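Source file: query_12.txt. Holds: compact mmCIF, C-alpha atoms.
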# COMPACT_ATOMS: atom_id res chain seq x y z
CA MET A 1 -46.54 23.75 26.67
CA THR A 2 -44.29 26.75 27.42
CA ALA A 3 -41.64 28.58 25.45
CA ALA A 4 -39.05 27.35 27.95
CA SER A 5 -39.87 23.73 27.21
CA LEU A 6 -39.37 24.26 23.49
CA ILE A 7 -35.88 25.62 24.08
CA GLN A 8 -34.94 22.28 25.66
CA LEU A 9 -35.55 20.35 22.45
CA PRO A 10 -32.28 18.89 21.14
CA ASP A 11 -30.73 19.87 17.85
CA LEU A 12 -31.55 17.78 14.81
CA ALA A 13 -28.82 15.13 14.85
CA PRO A 14 -27.32 13.57 11.70
CA LEU A 15 -27.19 9.79 11.50
CA THR A 16 -23.69 8.62 12.44
CA PRO A 17 -22.25 5.42 13.96
CA ALA A 18 -21.52 7.30 17.20
CA LEU A 19 -25.14 8.44 17.45
CA LEU A 20 -26.42 4.93 16.81
CA ARG A 21 -24.14 3.49 19.49
CA SER A 22 -25.41 6.13 21.90
CA LEU A 23 -29.00 5.08 21.23
CA LEU A 24 -28.11 1.41 21.58
CA SER A 25 -26.52 2.06 24.98
CA ASN A 26 -29.86 3.22 26.39
CA ARG A 27 -31.25 0.74 28.91
CA ALA A 28 -34.09 2.83 30.37
CA GLU A 29 -37.45 1.04 30.26
CA PRO A 30 -39.84 1.90 28.76
CA SER A 31 -38.32 3.40 25.63
CA VAL A 32 -40.42 5.08 22.94
CA SER A 33 -39.28 5.23 19.30
CA ILE A 34 -41.17 7.32 16.74
CA TYR A 35 -40.55 7.33 12.97
CA LEU A 36 -42.23 10.17 11.11
CA PRO A 37 -42.20 11.03 7.38
CA THR A 38 -42.18 14.81 6.90
CA ARG A 39 -43.77 16.65 4.01
CA ARG A 40 -41.72 19.54 2.67
CA ILE A 41 -44.23 21.84 0.99
CA SER A 42 -44.72 25.58 0.80
CA PRO A 43 -46.73 26.96 2.45
CA PRO A 44 -46.49 24.35 5.23
CA ASP A 45 -49.59 22.52 6.43
CA ASP A 46 -50.45 20.61 9.62
CA LEU A 47 -50.14 17.07 8.27
CA ASN A 48 -46.73 16.43 9.89
CA ARG A 49 -48.08 17.53 13.26
CA ILE A 50 -51.28 15.49 12.86
CA VAL A 51 -49.39 12.29 12.03
CA LEU A 52 -46.99 12.79 14.95
CA LYS A 53 -49.92 13.46 17.29
CA GLY A 54 -51.48 10.15 16.29
CA LEU A 55 -48.24 8.25 16.84
CA VAL A 56 -47.73 9.81 20.28
CA ALA A 57 -51.34 8.95 21.21
CA ASN A 58 -50.73 5.31 20.24
CA ALA A 59 -47.62 5.23 22.41
CA ALA A 60 -49.54 6.74 25.32
CA ARG A 61 -52.22 4.04 25.07
CA ALA A 62 -49.60 1.30 25.10
CA LEU A 63 -47.87 2.84 28.12
CA ALA A 64 -51.15 3.22 30.03
CA ALA A 65 -51.35 -0.52 30.67
CA ARG A 66 -48.33 -0.54 32.99
CA HIS A 67 -47.49 3.04 33.97
CA GLU A 68 -49.04 5.90 35.93
CA PRO A 69 -50.45 8.89 33.97
CA ALA A 70 -47.94 11.31 35.52
CA ALA A 71 -45.00 9.13 34.46
CA ILE A 72 -46.42 8.84 30.93
CA ASP A 73 -46.82 12.61 30.68
CA ARG A 74 -43.19 13.17 31.73
CA LEU A 75 -41.92 10.60 29.24
CA LEU A 76 -43.94 11.95 26.30
CA ALA A 77 -43.58 15.67 27.11
CA PRO A 78 -40.63 16.20 24.70
CA LEU A 79 -42.64 14.56 21.91
CA ALA A 80 -45.54 16.88 22.64
CA ASP A 81 -43.17 19.84 22.42
CA LEU A 82 -41.85 18.52 19.12
CA MET A 83 -45.32 19.00 17.59
CA ALA A 84 -44.89 22.78 17.73
CA SER A 85 -41.26 22.73 16.60
CA PRO A 86 -39.99 24.29 13.35
CA LEU A 87 -38.66 20.81 12.57
CA LEU A 88 -42.23 19.98 11.57
CA GLN A 89 -43.28 23.35 10.19
CA ALA A 90 -40.28 23.68 7.89
CA PRO A 91 -38.58 20.26 7.68
CA VAL A 92 -35.26 20.03 5.89
CA ARG A 93 -35.11 16.24 5.53
CA ASP A 94 -37.43 13.46 4.37
CA GLY A 95 -38.21 12.22 7.85
CA LEU A 96 -37.48 12.30 11.56
CA ALA A 97 -36.84 9.66 14.19
CA ALA A 98 -37.51 10.64 17.79
CA PHE A 99 -36.37 8.61 20.80
CA ALA A 100 -37.68 9.23 24.31
CA ALA A 101 -36.77 7.48 27.56
CA ASN A 102 -36.18 8.49 31.14
CA GLY A 103 -33.55 11.23 30.88
CA THR A 104 -33.00 10.80 27.13
CA PHE A 105 -34.52 12.52 24.10
CA ARG A 106 -32.96 12.58 20.65
CA VAL A 107 -34.27 13.65 17.25
CA VAL A 108 -32.50 12.22 14.21
CA ALA A 109 -32.69 13.44 10.60
CA ILE A 110 -33.51 10.79 7.99
CA ASP A 111 -33.04 10.86 4.23
CA GLY A 112 -35.23 8.75 1.95
CA PRO A 113 -38.68 7.19 2.42
CA VAL A 114 -39.86 6.76 6.02
CA GLU A 115 -42.78 4.64 7.19
CA PRO A 116 -44.73 6.08 10.17
CA GLU A 117 -44.13 3.89 13.18
CA ALA A 118 -44.39 4.00 16.97
CA VAL A 119 -42.68 1.37 19.10
CA VAL A 120 -42.76 0.91 22.88
CA ALA A 121 -40.08 -1.54 24.02
CA PRO A 122 -37.40 -2.14 26.67
CA ARG A 123 -34.92 -0.39 24.35
CA PHE A 124 -34.95 1.97 21.39
CA ARG A 125 -35.84 0.52 18.02
CA VAL A 126 -32.99 1.53 15.71
CA LEU A 127 -33.20 -1.14 13.02
CA PRO A 128 -34.88 1.22 10.50
CA LEU A 129 -31.76 3.41 10.78
CA VAL A 130 -29.31 0.57 10.26
CA ARG A 131 -29.96 0.01 6.56
CA ARG A 132 -29.46 3.73 5.92
CA LEU A 133 -26.31 3.81 7.98
CA VAL A 134 -24.52 1.06 6.10
CA ALA A 135 -25.05 2.94 2.83
CA ILE A 136 -22.93 5.83 4.13
CA GLU A 137 -19.15 6.12 4.38
CA TYR A 138 -17.55 8.36 6.98
CA CYS A 139 -14.23 10.16 7.07
CA LEU A 140 -12.45 12.75 9.18
CA VAL A 141 -12.20 16.00 7.19
CA ILE A 142 -9.59 18.61 8.13
CA ALA A 143 -9.43 21.90 6.21
CA ILE A 144 -6.12 23.67 6.81
CA THR A 145 -5.04 27.26 6.22
CA GLU A 146 -2.34 29.33 7.91
CA ARG A 147 -4.93 31.04 10.10
CA ILE A 148 -7.65 28.49 10.77
CA VAL A 149 -8.21 24.74 10.95
CA ARG A 150 -11.76 23.45 10.38
CA VAL A 151 -12.60 19.91 11.45
CA GLY A 152 -15.65 17.86 10.61
CA VAL A 153 -17.10 14.45 9.85
CA GLY A 154 -17.57 13.75 6.16
CA GLN A 155 -20.79 11.82 5.56
CA ILE A 156 -20.41 10.37 2.07
CA ALA A 157 -23.59 8.81 0.66
CA GLU A 158 -23.96 6.48 -2.30
CA SER A 159 -26.53 8.89 -3.71
CA GLY A 160 -23.93 11.66 -3.87
CA SER A 161 -25.61 13.86 -1.23
CA ASP A 162 -22.43 14.36 0.80
CA ARG A 163 -22.39 16.35 4.04
CA PHE A 164 -19.78 18.05 6.21
CA ILE A 165 -20.74 17.94 9.89
CA PRO A 166 -18.59 20.15 12.18
CA LEU A 167 -16.76 18.13 14.85
CA PRO A 168 -16.65 19.95 18.21
CA LEU A 169 -13.13 20.38 19.55
CA PRO A 170 -12.12 20.31 23.23
CA HIS A 171 -10.60 23.82 23.21
CA GLY A 172 -11.08 27.31 21.78
CA ASP A 173 -13.70 30.01 21.47
CA HIS A 174 -14.97 28.43 18.23
CA ALA A 175 -14.60 24.82 19.40
CA ALA A 176 -18.31 24.04 19.12
CA ALA A 177 -18.16 24.86 15.39
CA GLY A 178 -15.14 22.59 14.88
CA GLU A 179 -12.81 25.53 14.26
CA LEU A 180 -9.43 26.40 15.76
CA LEU A 181 -7.99 29.86 15.13
CA ARG A 182 -4.27 30.56 15.00
CA GLU A 183 -4.64 33.52 17.36
CA GLU A 184 -6.00 31.15 20.04
CA ILE A 185 -2.71 29.22 20.00
CA VAL A 186 0.00 31.68 18.88
CA ASP A 187 0.38 35.20 20.29
CA VAL A 188 -0.27 37.84 17.63
CA GLU A 189 1.46 41.20 17.90
CA PRO A 190 -0.01 44.09 15.89
CA ARG A 191 3.33 45.10 14.31
CA GLN A 192 5.48 41.99 14.20
CA PRO A 193 3.38 38.82 14.37
CA HIS A 194 6.19 36.71 12.98
CA ARG A 195 8.33 36.40 16.09
CA VAL A 196 7.60 35.62 19.72
CA LEU A 197 10.71 34.36 21.51
CA HIS A 198 10.49 32.55 24.85
CA GLY A 199 13.84 31.79 26.41
CA GLY A 200 16.58 32.34 28.96
CA GLY A 201 19.81 34.26 28.70
CA THR A 202 19.83 37.91 29.71
CA PHE A 203 16.06 38.05 29.51
CA GLY A 204 15.39 35.05 31.78
CA GLY A 205 11.94 33.68 31.04
CA ALA A 206 10.62 36.88 29.51
CA ARG A 207 9.02 37.18 26.09
CA VAL A 208 10.82 39.11 23.38
CA HIS A 209 8.82 40.26 20.37
CA GLY A 210 10.56 40.80 17.04
CA GLY A 211 14.18 41.51 16.16
CA PHE A 212 15.36 37.90 16.15
CA GLY A 213 15.77 35.75 13.06
CA SER A 214 14.03 36.15 9.73
CA ARG A 215 10.33 36.72 9.24
CA ALA A 216 10.03 33.55 7.18
CA ASP A 217 11.69 31.40 9.84
CA GLY A 218 9.51 32.82 12.58
CA PHE A 219 6.34 32.33 10.58
CA ASP A 220 7.22 28.68 9.94
CA THR A 221 7.88 28.08 13.63
CA ASP A 222 4.55 29.56 14.65
CA THR A 223 2.71 27.65 11.94
CA THR A 224 4.29 24.40 13.11
CA HIS A 225 3.24 25.11 16.68
CA PHE A 226 -0.30 25.98 15.57
CA LEU A 227 -0.74 22.84 13.45
CA ARG A 228 0.81 20.60 16.12
CA GLU A 229 -1.72 21.87 18.65
CA ALA A 230 -4.53 21.45 16.12
CA ALA A 231 -3.52 17.82 15.54
CA ARG A 232 -3.50 17.19 19.29
CA LEU A 233 -6.97 18.67 19.77
CA VAL A 234 -8.41 16.72 16.84
CA ALA A 235 -6.99 13.48 18.27
CA GLU A 236 -8.70 14.23 21.62
CA ALA A 237 -12.06 15.23 20.11
CA PRO A 238 -14.88 12.73 20.65
CA GLY A 239 -17.30 11.84 17.86
CA TRP A 240 -15.03 10.27 15.25
CA ASP A 241 -13.76 6.74 14.70
CA ALA A 242 -10.06 5.89 14.43
CA GLY A 243 -10.94 3.46 11.65
CA TRP A 244 -12.14 6.22 9.33
CA PRO A 245 -9.84 7.59 6.62
CA MET A 246 -8.65 11.18 7.04
CA VAL A 247 -9.08 13.69 4.22
CA THR A 248 -7.05 16.89 4.44
CA VAL A 249 -8.02 19.89 2.29
CA GLY A 250 -5.30 22.50 1.97
CA LEU A 251 -2.28 23.74 0.07
CA PRO A 252 0.35 21.01 -0.37
CA GLN A 253 2.91 22.52 2.05
CA LEU A 254 0.40 22.83 4.87
CA SER A 255 -1.12 19.39 4.29
CA THR A 256 2.33 17.80 4.30
CA LEU A 257 3.32 19.59 7.51
CA PHE A 258 0.07 18.62 9.22
CA ALA A 259 0.46 14.97 8.17
CA THR A 260 3.94 14.95 9.70
CA LEU A 261 2.66 16.34 13.00
CA ALA A 262 -0.52 14.23 13.19
CA ALA A 263 0.95 10.91 14.25
CA ASP A 264 -2.09 10.05 16.43
CA LEU A 265 -4.64 10.53 13.64
CA PRO A 266 -5.77 7.81 11.17
CA THR A 267 -2.99 6.27 9.12
CA GLU A 268 -5.19 5.97 6.00
CA ARG A 269 -4.93 9.48 4.60
CA LEU A 270 -6.23 11.19 1.49
CA ARG A 271 -5.37 14.70 0.33
CA VAL A 272 -7.14 17.38 -1.67
CA ASP A 273 -4.77 20.13 -2.78
CA ARG A 274 -7.09 23.13 -2.62
CA ASP A 275 -7.11 26.29 -0.55
CA PRO A 276 -10.14 25.84 1.73
CA ALA A 277 -10.24 29.47 2.88
CA ARG A 278 -13.31 30.25 0.76
CA LEU A 279 -14.90 26.79 0.62
CA SER A 280 -18.34 26.33 2.13
CA ALA A 281 -19.36 23.26 4.14
CA VAL A 282 -21.05 21.85 1.03
CA GLU A 283 -17.88 22.32 -1.01
CA LEU A 284 -15.76 20.68 1.69
CA ALA A 285 -18.12 17.70 1.64
CA THR A 286 -17.80 17.51 -2.14
CA CYS A 287 -14.00 17.51 -1.88
CA ALA A 288 -14.04 14.74 0.71
CA GLY A 289 -16.58 12.72 -1.28
CA GLY A 290 -14.52 12.95 -4.43
CA ALA A 291 -11.37 11.80 -2.63
CA LEU A 292 -13.13 8.88 -0.97
CA ARG A 293 -14.78 7.69 -4.17
CA ALA A 294 -11.51 7.89 -6.09
CA SER A 295 -9.78 5.65 -3.54
CA ARG A 296 -12.73 3.35 -2.85
CA GLN A 297 -11.69 0.49 -5.13
CA HIS A 298 -8.16 0.42 -3.73
CA ARG A 299 -9.39 0.53 -0.13
CA ARG A 300 -11.92 -2.24 -0.69
CA ALA A 301 -9.33 -4.44 -2.37
CA ARG A 302 -7.11 -4.07 0.70
CA LEU A 303 -10.07 -4.90 2.96
CA LEU A 304 -10.84 -8.10 1.06
CA ASP A 305 -7.18 -9.12 1.25
CA ALA A 306 -7.30 -8.47 5.00
CA PHE A 307 -10.42 -10.67 5.32
CA ARG A 308 -8.86 -13.57 3.41
CA ALA A 309 -5.72 -13.37 5.55
CA ALA A 310 -7.80 -13.19 8.75
CA ARG A 311 -9.91 -16.21 7.76
CA ALA A 312 -6.80 -18.21 6.97
CA HIS A 313 -5.48 -17.54 10.50
CA GLY A 314 -8.73 -18.15 12.41
CA ARG A 315 -9.59 -14.46 12.76
CA GLY A 316 -12.38 -14.32 10.21
CA SER A 317 -15.41 -16.20 8.88
CA GLY A 318 -18.01 -16.12 6.15
CA ASP A 319 -20.52 -18.34 7.99
CA LEU A 320 -23.59 -16.41 9.14
CA ALA A 321 -24.21 -18.53 12.25
CA ASP A 322 -20.57 -18.28 13.38
CA ILE A 323 -20.53 -14.53 12.78
CA ALA A 324 -23.76 -14.07 14.77
CA ARG A 325 -22.27 -15.85 17.79
CA ALA A 326 -19.06 -13.84 17.49
CA ALA A 327 -21.02 -10.56 17.19
CA VAL A 328 -22.97 -11.21 20.39
CA ALA A 329 -19.66 -11.88 22.15
CA GLY A 330 -18.25 -8.57 20.85
CA GLN A 331 -15.60 -10.27 18.74
CA VAL A 332 -16.42 -8.75 15.32
CA ALA A 333 -14.07 -5.90 14.47
CA THR A 334 -15.25 -5.42 10.86
CA LEU A 335 -18.41 -6.74 9.23
CA ILE A 336 -18.57 -6.83 5.45
CA ILE A 337 -22.19 -7.13 4.36
CA GLU A 338 -24.06 -7.41 1.07
CA ALA A 339 -25.74 -4.02 0.82
CA ASP A 340 -29.16 -4.98 -0.56
CA ARG A 341 -29.60 -8.45 0.93
CA ARG A 342 -32.41 -9.18 3.38
CA GLU A 343 -33.36 -12.29 5.30
CA ALA A 344 -36.22 -12.77 7.78
CA GLY A 345 -35.25 -13.50 11.37
CA VAL A 346 -33.44 -12.15 14.41
CA ILE A 347 -30.44 -13.07 16.54
CA ASP A 348 -30.79 -14.26 20.12
CA ARG A 349 -28.89 -11.62 22.12
CA GLY A 350 -27.87 -14.14 24.76
CA THR A 351 -26.51 -17.01 22.68
CA GLY A 352 -26.11 -15.61 19.15
CA ARG A 353 -28.44 -18.30 17.81
CA LEU A 354 -30.40 -17.47 14.65
CA VAL A 355 -34.15 -17.50 15.28
CA SER A 356 -37.17 -16.70 13.13
CA CYS A 357 -39.46 -15.10 15.71
CA GLY A 358 -39.61 -11.36 16.54
CA GLY A 359 -38.50 -9.69 19.74
CA PRO A 360 -40.58 -8.24 22.61
CA ALA A 361 -41.17 -4.88 20.94
CA MET A 362 -44.82 -3.83 20.47
CA HIS A 363 -45.42 -2.40 16.98
CA LEU A 364 -48.33 -0.01 17.20
CA HIS A 365 -48.39 1.65 13.81
CA THR A 366 -46.21 0.40 11.01
CA ALA A 367 -46.18 -0.31 7.31
CA ALA A 368 -47.98 -3.41 6.06
CA ALA A 369 -44.81 -4.65 4.39
CA HIS A 370 -42.89 -4.43 7.66
CA ALA A 371 -45.65 -6.14 9.61
CA ALA A 372 -45.78 -8.96 7.07
CA GLY A 373 -42.05 -9.34 6.59
CA GLY A 374 -40.98 -9.22 10.25
CA GLU A 375 -37.46 -8.42 11.38
CA ASP A 376 -34.44 -8.44 9.10
CA LEU A 377 -31.66 -10.78 10.23
CA PHE A 378 -28.97 -8.76 8.50
CA GLU A 379 -30.10 -5.51 10.09
CA ASP A 380 -30.11 -7.20 13.49
CA LEU A 381 -26.54 -8.39 12.91
CA VAL A 382 -25.39 -4.88 11.93
CA GLU A 383 -27.02 -3.44 15.06
CA ILE A 384 -25.19 -5.91 17.31
CA VAL A 385 -21.82 -5.25 15.66
CA LEU A 386 -22.26 -1.48 15.98
CA GLU A 387 -23.32 -1.85 19.60
CA HIS A 388 -19.93 -3.46 20.34
CA GLY A 389 -17.97 -0.82 18.43
CA GLY A 390 -17.39 -2.76 15.21
CA ALA A 391 -17.13 -1.25 11.72
CA ILE A 392 -19.62 -1.93 8.90
CA VAL A 393 -18.61 -2.05 5.22
CA PRO A 394 -21.43 -2.55 2.66
CA LEU A 395 -20.52 -4.04 -0.72
CA ASP A 396 -22.42 -4.98 -3.86
CA ARG A 397 -23.12 -8.67 -4.31
CA ILE A 398 -20.52 -9.08 -7.05
CA GLN A 399 -17.83 -7.66 -4.73
CA MET A 400 -18.59 -9.90 -1.75
CA PRO A 401 -15.89 -12.45 -0.85
CA THR A 402 -18.54 -15.00 0.27
CA GLU A 403 -21.87 -16.36 -0.96
CA THR A 404 -23.57 -15.95 2.41
CA GLY A 405 -23.84 -12.18 2.16
CA VAL A 406 -21.60 -11.58 5.19
CA ALA A 407 -17.91 -11.75 6.02
CA ALA A 408 -16.32 -10.82 9.32
CA ILE A 409 -12.86 -9.98 10.60
CA TYR A 410 -12.59 -10.84 14.29
CA ARG A 411 -10.67 -8.97 16.96
CA TYR A 412 -8.78 -12.12 17.92
CA PRO A 413 -8.70 -15.78 16.81
CA ILE A 414 -11.67 -17.95 17.77
CA PRO A 415 -10.92 -21.60 18.56
So that I can check it, write out the structure of this file as structure tokens.
Amino acid sequence: MTAASLIQLPDLAPLTPALLRSLLSNRAEPSVSIYLPTRRISPPDDLNRIVLKGLVANAARALAARHEPAAIDRLLAPLADLMASPLLQAPVRDGLAAFAANGTFRVVAIDGPVEPEAVVAPRFRVLPLVRRLVAIEYCLVIAITERIVRVGVGQIAESGSDRFIPLPLPHGDHAAAGELLREEIVDVEPRQPHRVLHGGGTFGGARVHGGFGSRADGFDTDTTHFLREAARLVAEAPGWDAGWPMVTVGLPQLSTLFATLAADLPTERLRVDRDPARLSAVELATCAGGALRASRQHRRARLLDAFRAARAHGRGSGDLADIARAAVAGQVATLIIEADRREAGVIDRGTGRLVSCGGPAMHLHTAAAHAAGGEDLFEDLVEIVLEHGGAIVPLDRIQMPTETGVAAIYRYPIP
């Protein structure tokens, strides 16, 4: 193992719907999935590395039956590098999930208890991530000041451990950090930053700085241009879902102006009237979490009304078998699911039929409870819906509009 190989390890990725869809799109065979609990103690010990080494060895033995040693070494090399990574020496989360296939390697951060597991299969095993994913709400967070716009994904957990994840933008020197600076959009003159005039007349197409109009008017014009460009770049940024609500954090005038200019951003909008200039990422996440929780009851009531209307017009169902067939066909736009309900079984990916047997995956090291209980039908359904770009909304049992534990709004009527 060389220092160069360690540099190629990917960043620790947060669990998001976009990440899960990326993993589900993998079709490289074989695919190796590793789930590792990480001990966070000081000083660190070698237990995390030892457990990972054992899981990787199990995967290597399973691969040896059908693959050449050189191919196995190439496939497992990133996992071997991970053993010496700071992600194991000083972990910041409760567990890690690592996914390795030909040309793909991802490491995902996991909160909560994690059972050690290694799976070799034709595709990545993501079902252990599904249950965690449906317990999280996501929103687009935009912090607005006169000089900078910060954009991120708000990851709002039921437990209250909210996170702000910067959303990379397609332009700007600070685009990777999800930040757009005013000076990257509007020319700034050292003496008179309030006025830059482009126009014709005597000056043709030249630029005239200062001496035209009031300072206040010029400042407003530049601010409008800056926020309009910010709205355009946010709309073009990958990594967020148009179905998420948008939470703006800023002074009322700026938030109102941005909302007017951001016609292509989500129509469901929440606002926090605070100056975000000195807010940390944790404080931005807290602001977004508070806004989402305050509006949750209203938003869920509207969702249930939408489901009842859809079912009445043939665009929805509360029957598990019907929803499974629709999910396999990619027809489920929104799946409402009872958060804590489990049921043994899987869904046939070809027909959508409910079956009780497991899939072709080979479970090499897993918890006794998982081995005894088999696959979870509800988790399988969530995975299929996410794979086709659907939205997942978990509700408590008392809030569910059906007794089956599931309710679906389809993309179009089903005969």
Which of these, A:Ala100, A:Leu270, A:Leu88, A:Leu254, has the shortest distance to Ile144 (chain A) once you count only C-alpha atoms?
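Checking each candidate against Ile144 (chain A), we get A:Leu254 as the closest.
Minimum atom-to-atom distances from A:Phe258, A:Thr334, A:Pro394, A:Leu23 to Leu127 (chain A) were compared using all atoms listed in the file, and the lowest value belongs to A:Leu23.
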10 Å contact set for Arg353 (chain A), only C-alpha atoms, chain neighbours under 4 positions out, as a ChimeraX atom specification:
/A:321-322,324-325,328,346-349
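One distance worth recording is that between CA of Asp275 (chain A) and CA of Thr260 (chain A), which is 18.9 Å.
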Please determine, counting all atoms listed in the file, which residue among A:Thr38, A:Ser31, A:Gln331, A:Ser295 has the shortest atom-to-atom distance to Glu387 (chain A).
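Closest to Glu387 (chain A) of all the choices is A:Gln331.
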For region 153-164 of chain A, take all atoms listed in the file, fit an axis-aligned box around them, add 6 Å to each of the six sides, then output centre and edge lengths in Å rounded to one decimal, as AutoDock Vina command-line options.
--center_x -21.8 --center_y 12.3 --center_z 3.0 --size_x 21.4 --size_y 23.6 --size_z 25.7
CA of Pro116 (chain A) to CA of Leu36 (chain A) measures 4.9 Å
Residues at most 7 Å from Ile392 (chain A), counting only C-alpha atoms, excluding those fewer than 5 positions away in the same chain, as an MDAnalysis selection string?
chainID A and resid 134 334:336
Between CA of Gly243 (chain A) and CA of Arg131 (chain A), distance in Å (one decimal):
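Pair CA of Gly243 (chain A) / CA of Arg131 (chain A) returns 20.0 Å.
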Residues at most 12 Å from region 43-48 of chain A, counting only C-alpha atoms, excluding those fewer than 5 positions away in the same chain, as a list in words?
Tyr35, Leu36, Pro37, Thr38, Lys53, Gly54, Leu55, Leu82, Met83, Ala84, Ser85, Pro86, Leu87, Leu88, Gln89, Ala90, Pro91, Asp94, Gly95, Leu96 and Pro116 of chain A
Residue nearest Pro252 (chain A) among A:Ala64, A:Leu377, A:Leu19, A:Val272 (counting only C-alpha atoms):
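When distances to Pro252 (chain A) are compared using only C-alpha atoms, the smallest one comes from A:Val272.
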Between A:Leu292, A:Leu75, A:Val151, A:Ala312, which one has atoms that come closest to Leu233 (chain A), using only C-alpha atoms?
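Among the listed residues, A:Val151 lies closest to Leu233 (chain A).
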